[in-house]
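Written out below as structure tokens is the structure these notes cover.
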Amino acid sequence: CRRPYVRKFRFTPKVDYQSDVTTLGTGQRSQDTTVITPSMLVRADLSLPKGLKLPFRKQVLAFTNRVIWTTTLSLALRESPITLNDNSKLLNMNTSADYEIAKNLRMTLNGAMSRLWHKYLKEEDFISYQFGTVLTFQF
């Protein structure tokens, strides 16, 4: 399977299908849940090597300036004719940018957002988000 590229960006589509059916010994269904989750992963690997000329020195301070950016967007569609709580749409987006400043210095920025829409119980709807960063010195 070839992954489509647009310039330096790679796109990887995916669809997950999950079906969970449970039947009691009496023949009555106690659970019938279907979850379909289409998603798209986008990844870019950008390299912009540069250097910084320091005053009064002949050497150039080298920066690798490499960015690896990864983002995933998915929508989980959950349906159940039996359980009222299992009827919703959940949108998720995760993104992460790993920036290699120099050979021994990296910085990662990440974030995520989720939004749930419940089909019957509107009090279950929510929006959540997170942001984070990591600075790494390698010796």
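So you can find residues: chains in the structure tokens are A, B, ... in the order shown, residues in each start at 1, and ligands are numbered from 1 in order.
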* Asked: When DSSP works through the backbone of this structure, what residues of chain A end up as strand (DSSP E or B), shown as number ranges by chain?
  -> A: 5-6, 9-23, 29-47, 50-53, 60-63, 66-79, 88-102, 105-118, 126-137
Got a sec to tell me which of chain A DSSP assigns to helix (DSSP H, G or I), as a PDB file with all heavy atoms, in the first residue's frame?
```pdb
ATOM      1  N   LEU A  84     -28.274   2.799  25.923  1.00  0.00           N
ATOM      2  CA  LEU A  84     -28.480   4.206  25.601  1.00  0.00           C
ATOM      3  C   LEU A  84     -27.185   5.005  25.678  1.00  0.00           C
ATOM      4  O   LEU A  84     -26.946   5.915  24.884  1.00  0.00           O
ATOM      5  CB  LEU A  84     -29.508   4.800  26.574  1.00  0.00           C
ATOM      6  CG  LEU A  84     -30.037   6.180  26.268  1.00  0.00           C
ATOM      7  CD1 LEU A  84     -30.887   6.155  25.019  1.00  0.00           C
ATOM      8  CD2 LEU A  84     -30.832   6.702  27.449  1.00  0.00           C
ATOM      9  N   ASN A  85     -26.300   4.641  26.600  1.00  0.00           N
ATOM     10  CA  ASN A  85     -25.056   5.380  26.816  1.00  0.00           C
ATOM     11  C   ASN A  85     -24.032   5.164  25.705  1.00  0.00           C
ATOM     12  O   ASN A  85     -23.061   5.893  25.618  1.00  0.00           O
ATOM     13  CB  ASN A  85     -24.460   4.987  28.175  1.00  0.00           C
ATOM     14  CG  ASN A  85     -23.653   6.110  28.772  1.00  0.00           C
ATOM     15  OD1 ASN A  85     -23.831   7.267  28.428  1.00  0.00           O
ATOM     16  ND2 ASN A  85     -22.754   5.756  29.674  1.00  0.00           N
ATOM     17  N   ASP A  86     -24.222   4.149  24.846  1.00  0.00           N
ATOM     18  CA  ASP A  86     -23.266   3.832  23.786  1.00  0.00           C
ATOM     19  C   ASP A  86     -23.681   4.401  22.431  1.00  0.00           C
ATOM     20  O   ASP A  86     -23.553   3.730  21.403  1.00  0.00           O
ATOM     21  CB  ASP A  86     -23.086   2.315  23.667  1.00  0.00           C
ATOM     22  CG  ASP A  86     -22.189   1.748  24.745  1.00  0.00           C
ATOM     23  OD1 ASP A  86     -21.392   2.518  25.298  1.00  0.00           O
ATOM     24  OD2 ASP A  86     -22.293   0.544  25.022  1.00  0.00           O
ATOM     25  N   LYS A 122     -27.499  14.748  26.357  1.00  0.00           N
ATOM     26  CA  LYS A 122     -26.740  15.966  26.068  1.00  0.00           C
ATOM     27  C   LYS A 122     -25.860  16.391  27.240  1.00  0.00           C
ATOM     28  O   LYS A 122     -24.858  17.076  27.042  1.00  0.00           O
ATOM     29  CB  LYS A 122     -27.688  17.112  25.682  1.00  0.00           C
ATOM     30  CG  LYS A 122     -28.449  16.849  24.408  1.00  0.00           C
ATOM     31  CD  LYS A 122     -27.505  16.632  23.253  1.00  0.00           C
ATOM     32  CE  LYS A 122     -28.261  16.271  21.986  1.00  0.00           C
ATOM     33  NZ  LYS A 122     -27.387  15.784  20.938  1.00  0.00           N
ATOM     34  N   GLU A 123     -26.183  15.977  28.465  1.00  0.00           N
ATOM     35  CA  GLU A 123     -25.337  16.318  29.615  1.00  0.00           C
ATOM     36  C   GLU A 123     -24.004  15.563  29.589  1.00  0.00           C
ATOM     37  O   GLU A 123     -23.094  15.888  30.342  1.00  0.00           O
ATOM     38  CB  GLU A 123     -26.069  16.066  30.941  1.00  0.00           C
ATOM     39  CG  GLU A 123     -26.467  14.636  31.193  1.00  0.00           C
ATOM     40  CD  GLU A 123     -27.828  14.258  30.605  1.00  0.00           C
ATOM     41  OE1 GLU A 123     -28.436  15.055  29.881  1.00  0.00           O
ATOM     42  OE2 GLU A 123     -28.260  13.131  30.872  1.00  0.00           O
ATOM     43  N   GLU A 124     -23.875  14.575  28.729  1.00  0.00           N
ATOM     44  CA  GLU A 124     -22.618  13.824  28.582  1.00  0.00           C
ATOM     45  C   GLU A 124     -21.651  14.503  27.601  1.00  0.00           C
ATOM     46  O   GLU A 124     -20.489  14.114  27.512  1.00  0.00           O
ATOM     47  CB  GLU A 124     -22.906  12.400  28.097  1.00  0.00           C
ATOM     48  CG  GLU A 124     -23.678  11.541  29.073  1.00  0.00           C
ATOM     49  CD  GLU A 124     -22.855  11.169  30.283  1.00  0.00           C
ATOM     50  OE1 GLU A 124     -21.646  10.908  30.143  1.00  0.00           O
ATOM     51  OE2 GLU A 124     -23.434  11.136  31.384  1.00  0.00           O
TER      52      GLU A 124
END
```
* To do: Give me the residues within 8 Å of Asp98 in chain A as a ChimeraX atom specification, counting only C-alpha atoms and dropping any in the same chain fewer than 6 places off.
  => /A:67-69,106-109
Find the residues of range 9-116 of chain A that sit at most 12 Å from range 130-137 of chain A; for each, write down the nearest two atoms and how far apart they are in Å, to one decimal. Count only C-alpha atoms. Sort by chain, then by number going up, and give it as a tab-separated table.
```
residue	atom	partner	partner_atom	distance
A:Asn92	CA	A:Gln130	CA	11.7
A:Met93	CA	A:Gln130	CA	10.6
A:Asn94	CA	A:Gln130	CA	9.3
A:Thr95	CA	A:Phe131	CA	9.6
A:Ser96	CA	A:Gly132	CA	9.3
A:Ala97	CA	A:Thr133	CA	9.5
A:Asp98	CA	A:Val134	CA	9.2
A:Tyr99	CA	A:Leu135	CA	9.6
A:Glu100	CA	A:Thr136	CA	9.5
A:Ile101	CA	A:Thr136	CA	10.2
A:Ala102	CA	A:Phe137	CA	9.6
A:Lys103	CA	A:Phe137	CA	9.3
A:Asn104	CA	A:Phe137	CA	5.7
A:Leu105	CA	A:Phe137	CA	4.8
A:Arg106	CA	A:Thr136	CA	5.1
A:Met107	CA	A:Leu135	CA	4.5
A:Thr108	CA	A:Val134	CA	5.1
A:Leu109	CA	A:Thr133	CA	4.5
A:Asn110	CA	A:Gly132	CA	5.2
A:Gly111	CA	A:Phe131	CA	4.3
A:Ala112	CA	A:Gln130	CA	5.2
A:Met113	CA	A:Gln130	CA	6.6
A:Ser114	CA	A:Gln130	CA	9.2
```
* Structure fact -> Taken to one decimal, the CA of Ser128 in chain A-CA of Ala44 in chain A distance is 25.6 Å
* Residues near Leu48 in chain A, cut-off 8 Å, only C-alpha atoms, skip fewer than 6 positions along chain, as a list in words -> Thr64, Asn65 and Arg66 of chain A
* To do: Write out as a VMD selection string the residues lying within 7 Å of range 16-22 of chain A, counting only C-alpha atoms and excluding same-chain residues fewer than 4 positions away.
  => chain A and resid 29 to 38
Restricting it to N, CA and C atoms, dump the selection as a PDB file, in the first residue's frame.
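As a result, again.pdb now contains:
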```pdb
ATOM      1  N   ARG A  29     -30.205 -10.598  23.754  1.00  0.00           N
ATOM      2  CA  ARG A  29     -28.973  -9.826  23.590  1.00  0.00           C
ATOM      3  C   ARG A  29     -28.819  -8.858  24.747  1.00  0.00           C
ATOM      4  N   SER A  30     -27.648  -8.896  25.391  1.00  0.00           N
ATOM      5  CA  SER A  30     -27.381  -7.971  26.491  1.00  0.00           C
ATOM      6  C   SER A  30     -26.472  -6.830  26.043  1.00  0.00           C
ATOM      7  N   GLN A  31     -25.802  -6.996  24.900  1.00  0.00           N
ATOM      8  CA  GLN A  31     -24.939  -5.941  24.377  1.00  0.00           C
ATOM      9  C   GLN A  31     -24.858  -6.061  22.863  1.00  0.00           C
ATOM     10  N   ASP A  32     -24.931  -4.916  22.193  1.00  0.00           N
ATOM     11  CA  ASP A  32     -24.793  -4.854  20.738  1.00  0.00           C
ATOM     12  C   ASP A  32     -24.229  -3.477  20.398  1.00  0.00           C
ATOM     13  N   THR A  33     -22.929  -3.381  20.316  1.00  0.00           N
ATOM     14  CA  THR A  33     -22.264  -2.093  20.084  1.00  0.00           C
ATOM     15  C   THR A  33     -21.422  -2.168  18.821  1.00  0.00           C
ATOM     16  N   THR A  34     -21.520  -1.123  17.999  1.00  0.00           N
ATOM     17  CA  THR A  34     -20.713  -1.002  16.790  1.00  0.00           C
ATOM     18  C   THR A  34     -19.976   0.330  16.843  1.00  0.00           C
ATOM     19  N   VAL A  35     -18.665   0.274  16.583  1.00  0.00           N
ATOM     20  CA  VAL A  35     -17.851   1.491  16.563  1.00  0.00           C
ATOM     21  C   VAL A  35     -17.088   1.515  15.239  1.00  0.00           C
ATOM     22  N   ILE A  36     -17.289   2.589  14.475  1.00  0.00           N
ATOM     23  CA  ILE A  36     -16.553   2.811  13.237  1.00  0.00           C
ATOM     24  C   ILE A  36     -15.712   4.068  13.447  1.00  0.00           C
ATOM     25  N   THR A  37     -14.394   3.946  13.223  1.00  0.00           N
ATOM     26  CA  THR A  37     -13.486   5.063  13.486  1.00  0.00           C
ATOM     27  C   THR A  37     -12.614   5.345  12.266  1.00  0.00           C
ATOM     28  N   PRO A  38     -13.024   6.295  11.420  1.00  0.00           N
ATOM     29  CA  PRO A  38     -12.110   6.733  10.364  1.00  0.00           C
ATOM     30  C   PRO A  38     -11.084   7.701  10.947  1.00  0.00           C
TER      31      PRO A  38
END
```
* So, counting only C-alpha atoms, which residue among A:Gln28, A:Thr72, A:Ser80, A:Ser47 is closest to Phe11 in chain A? -> A:Thr72
